[in-house]
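input_5.pdb (PDB, C-alpha atoms) appears below.
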```pdb
ATOM      1  CA  MET O 866     162.052 313.879  27.557
ATOM      2  CA  ASN O 867     163.461 311.748  30.380
ATOM      3  CA  LEU O 868     161.340 308.807  31.493
ATOM      4  CA  GLU O 869     161.808 306.577  34.505
ATOM      5  CA  LEU O 870     160.027 303.453  35.696
ATOM      6  CA  THR O 871     159.964 302.473  39.367
ATOM      7  CA  PHE O 872     158.654 299.017  40.195
ATOM      8  CA  LEU O 873     156.825 299.349  43.520
ATOM      9  CA  GLY O 874     155.255 295.888  43.525
ATOM     10  CA  THR O 875     156.012 292.862  41.363
ATOM     11  CA  ALA O 876     154.137 290.010  43.070
ATOM     12  CA  SER O 877     151.316 287.934  41.679
ATOM     13  CA  ALA O 878     148.054 287.435  43.630
ATOM     14  CA  ILE O 879     149.808 286.730  46.950
ATOM     15  CA  PRO O 880     152.546 289.104  48.174
ATOM     16  CA  SER O 881     155.790 287.689  49.536
ATOM     17  CA  LYS O 882     158.650 288.920  51.706
ATOM     18  CA  LYS O 883     160.430 290.129  48.576
ATOM     19  CA  ARG O 884     157.503 291.251  46.427
ATOM     20  CA  ASN O 885     154.597 293.592  47.119
ATOM     21  CA  HIS O 886     151.265 293.599  45.287
ATOM     22  CA  THR O 887     151.341 295.156  41.824
ATOM     23  CA  SER O 888     152.150 298.823  41.339
ATOM     24  CA  ILE O 889     154.471 300.673  38.959
ATOM     25  CA  LEU O 890     155.300 304.384  38.767
ATOM     26  CA  LEU O 891     156.144 306.109  35.490
ATOM     27  CA  SER O 892     157.804 309.520  35.804
ATOM     28  CA  LEU O 893     157.912 311.822  32.799
ATOM     29  CA  LYS O 894     158.462 315.568  32.967
ATOM     30  CA  ASP O 895     155.829 316.982  35.373
ATOM     31  CA  GLU O 896     153.793 313.768  35.448
ATOM     32  CA  LYS O 897     153.928 310.847  37.847
ATOM     33  CA  ILE O 898     151.660 308.083  36.606
ATOM     34  CA  LEU O 899     150.773 305.129  38.819
ATOM     35  CA  ILE O 900     149.896 301.889  37.062
ATOM     36  CA  ASP O 901     147.760 299.864  39.479
ATOM     37  CA  CYS O 902     147.696 300.345  43.222
ATOM     38  CA  GLY O 903     147.880 297.069  45.076
ATOM     39  CA  GLU O 904     147.884 296.646  48.843
ATOM     40  CA  GLY O 905     150.882 298.360  50.454
ATOM     41  CA  THR O 906     151.599 300.756  47.581
ATOM     42  CA  GLN O 907     151.794 303.765  49.916
ATOM     43  CA  ARG O 908     154.478 302.099  51.998
ATOM     44  CA  GLN O 909     156.425 301.198  48.867
ATOM     45  CA  LEU O 910     156.279 304.846  47.756
ATOM     46  CA  LYS O 911     157.682 305.894  51.139
ATOM     47  CA  ILE O 912     160.550 303.408  50.908
ATOM     48  CA  ALA O 913     161.297 304.570  47.353
ATOM     49  CA  LYS O 914     161.283 308.200  48.634
ATOM     50  CA  ILE O 915     158.531 309.211  46.223
ATOM     51  CA  LYS O 916     155.889 311.642  47.463
ATOM     52  CA  SER O 917     152.367 310.356  46.845
ATOM     53  CA  SER O 918     151.247 313.977  46.440
ATOM     54  CA  LYS O 919     153.232 314.108  43.178
ATOM     55  CA  ILE O 920     150.992 311.493  41.514
ATOM     56  CA  THR O 921     148.978 313.054  38.682
ATOM     57  CA  ARG O 922     147.292 310.028  37.089
ATOM     58  CA  ILE O 923     146.426 306.441  37.911
ATOM     59  CA  PHE O 924     145.918 303.753  35.265
ATOM     60  CA  LEU O 925     143.968 300.885  36.767
ATOM     61  CA  THR O 926     144.131 297.703  34.716
ATOM     62  CA  HIS O 927     141.314 295.914  36.568
ATOM     63  CA  TRP O 928     139.533 295.564  39.895
ATOM     64  CA  HIS O 929     141.120 292.446  41.318
ATOM     65  CA  ALA O 930     142.281 293.072  44.879
ATOM     66  CA  ASP O 931     146.000 292.645  44.217
ATOM     67  CA  HIS O 932     145.839 295.549  41.739
ATOM     68  CA  SER O 933     143.421 297.890  43.535
ATOM     69  CA  LEU O 934     143.392 297.407  47.334
ATOM     70  CA  GLY O 935     145.660 300.413  47.873
ATOM     71  CA  LEU O 936     143.391 302.960  46.180
ATOM     72  CA  ALA O 937     141.156 303.942  49.104
ATOM     73  CA  GLY O 938     144.082 304.425  51.488
ATOM     74  CA  LEU O 939     145.976 306.478  48.923
ATOM     75  CA  PHE O 940     142.948 308.713  48.300
ATOM     76  CA  GLN O 941     142.500 309.295  52.042
ATOM     77  CA  THR O 942     146.190 310.150  52.466
ATOM     78  CA  LEU O 943     146.034 312.634  49.590
ATOM     79  CA  GLY O 944     142.952 314.191  51.188
ATOM     80  CA  MET O 945     144.777 314.660  54.492
ATOM     81  CA  ALA O 946     147.760 316.104  52.615
ATOM     82  CA  ASP O 947     145.548 318.804  51.018
ATOM     83  CA  TYR O 948     146.166 317.445  47.525
ATOM     84  CA  SER O 949     145.168 320.362  45.296
ATOM     85  CA  LYS O 950     145.385 318.780  41.841
ATOM     86  CA  THR O 951     142.653 316.897  40.014
ATOM     87  CA  LEU O 952     143.674 313.237  40.081
ATOM     88  CA  LYS O 953     142.928 311.561  36.757
ATOM     89  CA  LEU O 954     141.888 307.936  37.152
ATOM     90  CA  TYR O 955     141.604 305.701  34.071
ATOM     91  CA  GLY O 956     140.011 302.294  34.349
ATOM     92  CA  PRO O 957     137.745 299.724  32.714
ATOM     93  CA  THR O 958     133.958 299.841  32.636
ATOM     94  CA  GLY O 959     132.540 299.898  36.160
ATOM     95  CA  THR O 960     135.294 302.046  37.692
ATOM     96  CA  LYS O 961     132.964 304.950  38.567
ATOM     97  CA  LYS O 962     130.551 302.619  40.316
ATOM     98  CA  LYS O 963     133.325 300.944  42.308
ATOM     99  CA  ILE O 964     134.796 304.260  43.444
ATOM    100  CA  GLY O 965     131.285 305.181  44.569
ATOM    101  CA  LEU O 966     131.096 301.947  46.572
ATOM    102  CA  LEU O 967     134.433 302.724  48.242
ATOM    103  CA  GLU O 968     133.081 306.124  49.257
ATOM    104  CA  LYS O 969     130.012 304.458  50.784
ATOM    105  CA  ILE O 970     132.353 302.387  52.954
ATOM    106  CA  TYR O 971     135.012 304.982  53.843
ATOM    107  CA  GLY O 972     133.199 308.284  53.315
ATOM    108  CA  LYS O 973     133.648 310.771  50.502
ATOM    109  CA  PHE O 974     137.246 311.210  49.433
ATOM    110  CA  LYS O 975     138.467 314.760  50.032
ATOM    111  CA  ILE O 976     140.192 315.109  46.677
ATOM    112  CA  LYS O 977     138.901 315.799  43.196
ATOM    113  CA  ILE O 978     139.017 312.629  41.076
ATOM    114  CA  GLU O 979     138.284 312.719  37.357
ATOM    115  CA  ILE O 980     137.307 309.183  36.355
ATOM    116  CA  LYS O 981     137.571 308.034  32.759
ATOM    117  CA  GLU O 982     136.239 304.594  31.871
ATOM    118  CA  ILE O 983     138.010 303.494  28.737
ATOM    119  CA  GLY O 984     138.338 300.358  26.633
ATOM    120  CA  ASN O 985     139.916 300.413  23.174
ATOM    121  CA  LYS O 986     140.788 304.083  23.007
ATOM    122  CA  LYS O 987     143.478 306.685  22.314
ATOM    123  CA  ILE O 988     143.707 309.909  24.315
ATOM    124  CA  GLU O 989     145.986 312.684  23.064
ATOM    125  CA  GLU O 990     147.640 314.953  25.626
ATOM    126  CA  ASN O 991     150.036 317.852  24.990
ATOM    127  CA  GLU O 992     153.225 315.823  25.353
ATOM    128  CA  PHE O 993     152.125 312.198  24.979
ATOM    129  CA  ILE O 994     149.455 309.805  23.731
ATOM    130  CA  ILE O 995     147.678 307.329  26.014
ATOM    131  CA  GLU O 996     146.326 304.164  24.451
ATOM    132  CA  SER O 997     144.287 301.427  26.075
ATOM    133  CA  LYS O 998     143.270 298.036  24.744
ATOM    134  CA  LYS O 999     140.790 295.604  26.240
ATOM    135  CA  MET O1000     142.320 292.403  27.557
ATOM    136  CA  GLN O1001     140.763 289.007  28.308
ATOM    137  CA  HIS O1002     140.805 288.337  32.038
ATOM    138  CA  LEU O1003     138.311 287.154  34.660
ATOM    139  CA  LYS O1004     137.179 290.768  35.070
ATOM    140  CA  GLU O1005     137.040 293.752  32.721
ATOM    141  CA  CYS O1006     140.694 294.565  32.134
ATOM    142  CA  ASN O1007     142.776 297.040  30.122
ATOM    143  CA  ALA O1008     146.367 297.163  28.968
ATOM    144  CA  TYR O1009     147.914 300.600  28.513
ATOM    145  CA  SER O1010     150.662 302.338  26.604
ATOM    146  CA  ILE O1011     152.108 305.831  26.911
ATOM    147  CA  LYS O1012     153.857 307.192  23.826
ATOM    148  CA  VAL O1013     155.785 310.457  24.020
ATOM    149  CA  LYS O1014     155.091 312.514  20.910
ATOM    150  CA  ASP O1015     157.786 312.770  18.232
ATOM    151  CA  LYS O1016     159.536 316.150  18.179
ATOM    152  CA  LEU O1017     161.560 318.117  15.685
ATOM    153  CA  ARG O1018     165.034 318.893  17.000
ATOM    154  CA  ILE O1019     167.650 321.264  15.577
ATOM    155  CA  HIS O1020     171.028 319.983  14.391
ATOM    156  CA  LYS O1021     173.363 322.132  16.507
ATOM    157  CA  SER O1022     176.322 321.374  14.247
ATOM    158  CA  LYS O1023     174.403 322.765  11.258
ATOM    159  CA  LEU O1024     173.561 325.875  13.260
ATOM    160  CA  ARG O1025     177.243 326.437  13.878
ATOM    161  CA  LYS O1026     178.101 325.909  10.198
ATOM    162  CA  LEU O1027     175.497 328.478   9.208
ATOM    163  CA  LYS O1028     176.796 330.777  11.962
ATOM    164  CA  ILE O1029     173.336 331.157  13.445
ATOM    165  CA  GLY O1030     173.359 332.025  17.110
ATOM    166  CA  ASN O1031     170.371 332.293  19.437
ATOM    167  CA  ASN O1032     167.589 333.673  17.315
ATOM    168  CA  PRO O1033     163.871 333.870  18.208
ATOM    169  CA  GLU O1034     163.072 332.713  14.655
ATOM    170  CA  LEU O1035     164.443 329.270  15.520
ATOM    171  CA  LYS O1036     161.224 328.519  17.377
ATOM    172  CA  LYS O1037     159.486 328.448  13.999
ATOM    173  CA  ILE O1038     162.039 325.976  12.648
ATOM    174  CA  ILE O1039     161.078 323.345  15.244
ATOM    175  CA  GLN O1040     157.435 323.935  14.326
ATOM    176  CA  GLY O1041     158.298 322.826  10.786
ATOM    177  CA  LYS O1042     158.278 326.344   9.332
ATOM    178  CA  ASN O1043     160.912 327.895   7.080
ATOM    179  CA  ILE O1044     162.543 331.117   8.273
ATOM    180  CA  LYS O1045     164.444 334.036   6.815
ATOM    181  CA  ILE O1046     167.607 335.297   8.474
ATOM    182  CA  GLY O1047     169.043 338.282   6.665
ATOM    183  CA  LYS O1048     168.620 337.528   2.984
ATOM    184  CA  LYS O1049     168.823 333.782   3.425
ATOM    185  CA  ILE O1050     165.838 331.402   3.483
ATOM    186  CA  ILE O1051     166.468 328.476   5.811
ATOM    187  CA  LYS O1052     164.259 325.445   5.375
ATOM    188  CA  SER O1053     163.118 323.564   8.432
ATOM    189  CA  LYS O1054     163.887 320.192   6.817
ATOM    190  CA  ASP O1055     167.525 321.224   6.251
ATOM    191  CA  LEU O1056     168.136 322.141   9.859
ATOM    192  CA  THR O1057     166.054 319.636  11.837
ATOM    193  CA  PHE O1058     165.697 315.941  12.560
ATOM    194  CA  LEU O1059     162.808 313.967  14.026
ATOM    195  CA  GLU O1060     163.372 312.667  17.543
ATOM    196  CA  LYS O1061     161.169 309.635  18.076
ATOM    197  CA  GLY O1062     159.247 309.677  21.333
ATOM    198  CA  LYS O1063     159.635 306.750  23.719
ATOM    199  CA  LYS O1064     156.830 304.249  24.214
ATOM    200  CA  ILE O1065     156.127 302.205  27.342
ATOM    201  CA  SER O1066     153.436 299.519  27.505
ATOM    202  CA  PHE O1067     151.864 297.645  30.411
ATOM    203  CA  ILE O1068     150.122 294.286  30.058
ATOM    204  CA  LEU O1069     148.946 293.106  33.470
ATOM    205  CA  ASP O1070     146.630 290.093  33.820
ATOM    206  CA  THR O1071     145.216 288.604  30.654
ATOM    207  CA  LYS O1072     145.255 285.497  28.543
ATOM    208  CA  ASN O1073     146.954 285.933  25.203
ATOM    209  CA  ASN O1074     144.857 287.725  22.581
ATOM    210  CA  VAL O1075     145.292 289.860  19.453
ATOM    211  CA  ASN O1076     145.409 293.087  21.478
ATOM    212  CA  THR O1077     148.546 292.156  23.401
ATOM    213  CA  VAL O1078     150.780 292.580  20.357
ATOM    214  CA  LYS O1079     148.820 295.632  19.209
ATOM    215  CA  ILE O1080     149.276 297.550  22.478
ATOM    216  CA  ALA O1081     152.952 296.557  22.766
ATOM    217  CA  LYS O1082     153.865 297.316  19.128
ATOM    218  CA  ASP O1083     157.273 299.058  18.838
ATOM    219  CA  SER O1084     157.533 299.743  22.569
ATOM    220  CA  ASP O1085     160.875 300.775  24.016
ATOM    221  CA  VAL O1086     159.805 298.995  27.180
ATOM    222  CA  LEU O1087     157.086 296.398  27.686
ATOM    223  CA  VAL O1088     156.129 295.497  31.250
ATOM    224  CA  CYS O1089     154.266 292.206  31.062
ATOM    225  CA  GLU O1090     152.753 289.792  33.539
ATOM    226  CA  SER O1091     154.208 286.284  33.655
ATOM    227  CA  SER O1092     152.195 284.487  36.305
ATOM    228  CA  PHE O1093     152.755 280.935  35.097
ATOM    229  CA  LEU O1094     155.398 278.624  33.691
ATOM    230  CA  PRO O1095     154.993 277.112  30.186
ATOM    231  CA  GLU O1096     154.312 273.701  31.756
ATOM    232  CA  GLU O1097     151.375 275.353  33.605
ATOM    233  CA  LYS O1098     149.875 276.554  30.329
ATOM    234  CA  GLU O1099     146.473 274.937  30.897
ATOM    235  CA  GLN O1100     146.193 276.528  34.336
ATOM    236  CA  ALA O1101     147.206 279.882  32.869
ATOM    237  CA  ARG O1102     144.429 279.646  30.289
ATOM    238  CA  ASN O1103     141.836 278.691  32.920
ATOM    239  CA  TYR O1104     142.753 281.701  35.070
ATOM    240  CA  LYS O1105     143.252 283.892  31.993
ATOM    241  CA  HIS O1106     146.897 284.719  32.577
ATOM    242  CA  LEU O1107     150.160 284.587  30.636
ATOM    243  CA  THR O1108     153.182 282.356  30.987
ATOM    244  CA  TRP O1109     156.670 283.867  30.800
ATOM    245  CA  GLU O1110     156.966 282.214  27.382
ATOM    246  CA  ASP O1111     153.805 284.024  26.201
ATOM    247  CA  ALA O1112     155.327 287.323  27.317
ATOM    248  CA  THR O1113     158.580 286.766  25.405
ATOM    249  CA  LEU O1114     156.704 285.828  22.231
ATOM    250  CA  ILE O1115     154.510 288.943  22.524
ATOM    251  CA  ALA O1116     157.663 291.071  22.874
ATOM    252  CA  LYS O1117     159.234 289.399  19.844
ATOM    253  CA  LYS O1118     156.156 289.743  17.621
ATOM    254  CA  ALA O1119     155.598 293.352  18.705
ATOM    255  CA  ASN O1120     159.172 294.438  17.926
ATOM    256  CA  VAL O1121     159.738 295.520  21.528
ATOM    257  CA  LYS O1122     163.191 296.733  22.579
ATOM    258  CA  ASN O1123     163.141 295.682  26.246
ATOM    259  CA  LEU O1124     160.881 293.327  28.200
ATOM    260  CA  TYR O1125     160.351 293.368  31.972
ATOM    261  CA  LEU O1126     158.540 290.369  33.416
ATOM    262  CA  THR O1127     156.422 291.042  36.496
ATOM    263  CA  HIS O1128     153.484 289.554  38.458
ATOM    264  CA  ILE O1129     155.815 286.828  39.704
ATOM    265  CA  SER O1130     154.183 283.993  41.629
ATOM    266  CA  GLN O1131     155.616 283.183  45.057
ATOM    267  CA  LYS O1132     155.755 279.567  43.857
ATOM    268  CA  HIS O1133     158.342 280.548  41.260
ATOM    269  CA  GLU O1134     160.554 282.824  43.363
ATOM    270  CA  ASN O1135     163.312 280.228  43.617
ATOM    271  CA  LYS O1136     163.142 279.581  39.867
ATOM    272  CA  THR O1137     163.656 283.137  38.580
ATOM    273  CA  ASN O1138     167.245 282.538  37.420
ATOM    274  CA  LEU O1139     166.158 279.565  35.327
ATOM    275  CA  ILE O1140     163.104 281.438  34.025
ATOM    276  CA  LEU O1141     165.309 284.351  32.955
ATOM    277  CA  LYS O1142     167.859 282.062  31.300
ATOM    278  CA  ASN O1143     165.155 280.331  29.241
ATOM    279  CA  ALA O1144     163.279 283.559  28.488
ATOM    280  CA  LYS O1145     166.434 285.128  27.042
ATOM    281  CA  LYS O1146     166.669 282.251  24.552
ATOM    282  CA  ILE O1147     163.430 283.527  22.997
ATOM    283  CA  PHE O1148     163.830 287.275  23.639
ATOM    284  CA  SER O1149     167.340 288.303  24.631
ATOM    285  CA  LYS O1150     166.397 291.703  26.084
ATOM    286  CA  THR O1151     164.342 290.174  28.907
ATOM    287  CA  LYS O1152     164.662 291.103  32.576
ATOM    288  CA  ILE O1153     162.674 290.027  35.634
ATOM    289  CA  ALA O1154     161.566 293.070  37.606
ATOM    290  CA  LYS O1155     162.118 293.263  41.359
ATOM    291  CA  ASP O1156     160.531 295.625  43.872
ATOM    292  CA  PHE O1157     162.253 299.044  43.810
ATOM    293  CA  ASP O1158     164.026 298.441  40.509
ATOM    294  CA  SER O1159     164.385 301.754  38.707
ATOM    295  CA  VAL O1160     164.701 301.937  34.920
ATOM    296  CA  LYS O1161     165.640 305.073  32.985
ATOM    297  CA  ILE O1162     164.331 305.067  29.426
TER
END
```

Translate the structure described by the file into structure tokens.
Amino acid sequence: MNLELTFLGTASAIPSKKRNHTSILLSLKDEKILIDCGEGTQRQLKIAKIKSSKITRIFLTHWHADHSLGLAGLFQTLGMADYSKTLKLYGPTGTKKKIGLLEKIYGKFKIKIEIKEIGNKKIEENEFIIESKKMQHLKECNAYSIKVKDKLRIHKSKLRKLKIGNNPELKKIIQGKNIKIGKKIIKSKDLTFLEKGKKISFILDTKNNVNTVKIAKDSDVLVCESSFLPEEKEQARNYKHLTWEDATLIAKKANVKNLYLTHISQKHENKTNLILKNAKKIFSKTKIAKDFDSVKI
């Protein structure tokens, strides 16, 4: 299954000329999953040539303005566009109440929204598994991961050796069942291999805690906030955020393959080259995300 990340907003609390408020889009098969919806997300979608009507789910990490201001506008746009799907919205405790408050201000949204308040939880879907872990921020906050399920695949070279062409029985093979073709019994284990599903994790706004490594464990890609510099460690702890050094150490401990730093403070914009150079000394597969970066996984 092909996966693609599009960074729509990579700023910290205050947007800049180069960076919009936080929002990331994950595309996989028929799903387009929005992680957070900061101010200006709709415009970013337009620039990235992504139709908002294609969004199927939203994962909201928390209700700070820089992560949620774009929700009401997006819902109203979808209503005017005759959005016919049920939009699934995942968020921390209090999400239902806050959506209700938005509707008191702006009027009832003309789309169907299925709200799921989750903390430490796993949700199994047909093609992937959603996991959330509670973080430690100034408000209720979740980190999320999406793990594509492992699948049995057929060794095409072995098919050719056995001179097996297209056969409806092969469907059973990838279900782990043995089949009989002619007089020959073919075992699933002899003809298949396990394709590991990709995992993407998102840690946005938290101080370091035991759940950061747990949610990121064995991720192909970890997107992690890095609001502060190591020399601002005390400030980071007071505001319950991570430094870029924290993020690299989480990636290292969690056996992550690739790390993308985001939630970049405007104060550090002219220091990103130095930050990246130092971050790579701890975790070599580190990148600093920019608005409209696209990553195929």

Checklist line | For O:Asn1043: contacts at 10 Å, all atoms listed in the file, fewer than 4 positions along chain excluded, given as a ChimeraX atom specification | finding: /O:1034-1035,1037-1039,1050-1056

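Using only C-alpha atoms, the residues found no farther than 12 Å from O:Ile1162, other than those of its own chain fewer than 4 positions away, are Met866, Asn867, Leu868, Glu869, Leu870, Thr871, Leu891, Ser892, Leu893, Val1013, Gly1062, Lys1063, Lys1064, Ile1065, Ser1084, Asp1085, Val1086, Leu1087, Lys1122 and Asn1123 of chain O.
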
Next item on the list: Starting from the point (152.7, 307.5, 35.9), work out which residues of protein, DNA or RNA have an atom no more than 12 Å away when counting only C-alpha atoms; state them as a ChimeraX atom specification.
Entry: /O:868-873,888-902,915,917,919-925,952-955,993,995,1009-1011,1065-1067

Item checked: Atom-to-atom span, atom CA of O:Gln941 and atom CA of O:Gly905, Å ->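 These two atoms are separated by 13.9 Å.
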
Notebook entry, point to check: Do you have the atom CA of O:Lys1105-atom CA of O:Thr887 distance handy?
Noted result: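 Those two atoms sit 17.0 Å apart.
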
Next item on the list: Give me, please, the distance in Å between atom CA of O:Thr958 and atom CA of O:Glu982, quoted to one decimal.
Entry: 5.3 Å

Margin query: Since I can't run it myself right now, could you work out what the PyMOL selection byres ((chain O and resi 875) around 7) selects here and report it as number ranges by chain?
Written below: O: 872-874, 876-877, 884-887, 1127-1129, 1154-1156

Once 4 Å is added on each side, what centre and edge lengths in Å to one decimal does the axis-aligned box around all listed atoms of stretch 971-980 of chain O have, as lines of an AutoDock Vina configuration file?
```
center_x = 136.7
center_y = 310.4
center_z = 45.1
size_x = 15.0
size_y = 18.8
size_z = 25.5
```

Item checked: Contacts of O:Ser1092 at 12 Å (all atoms listed in the file; same-chain gap of 4+ positions) as a ChimeraX atom specification -> /O:875-879,1068-1072,1096-1098,1100-1102,1104-1112,1126-1134,1137,1140,1153
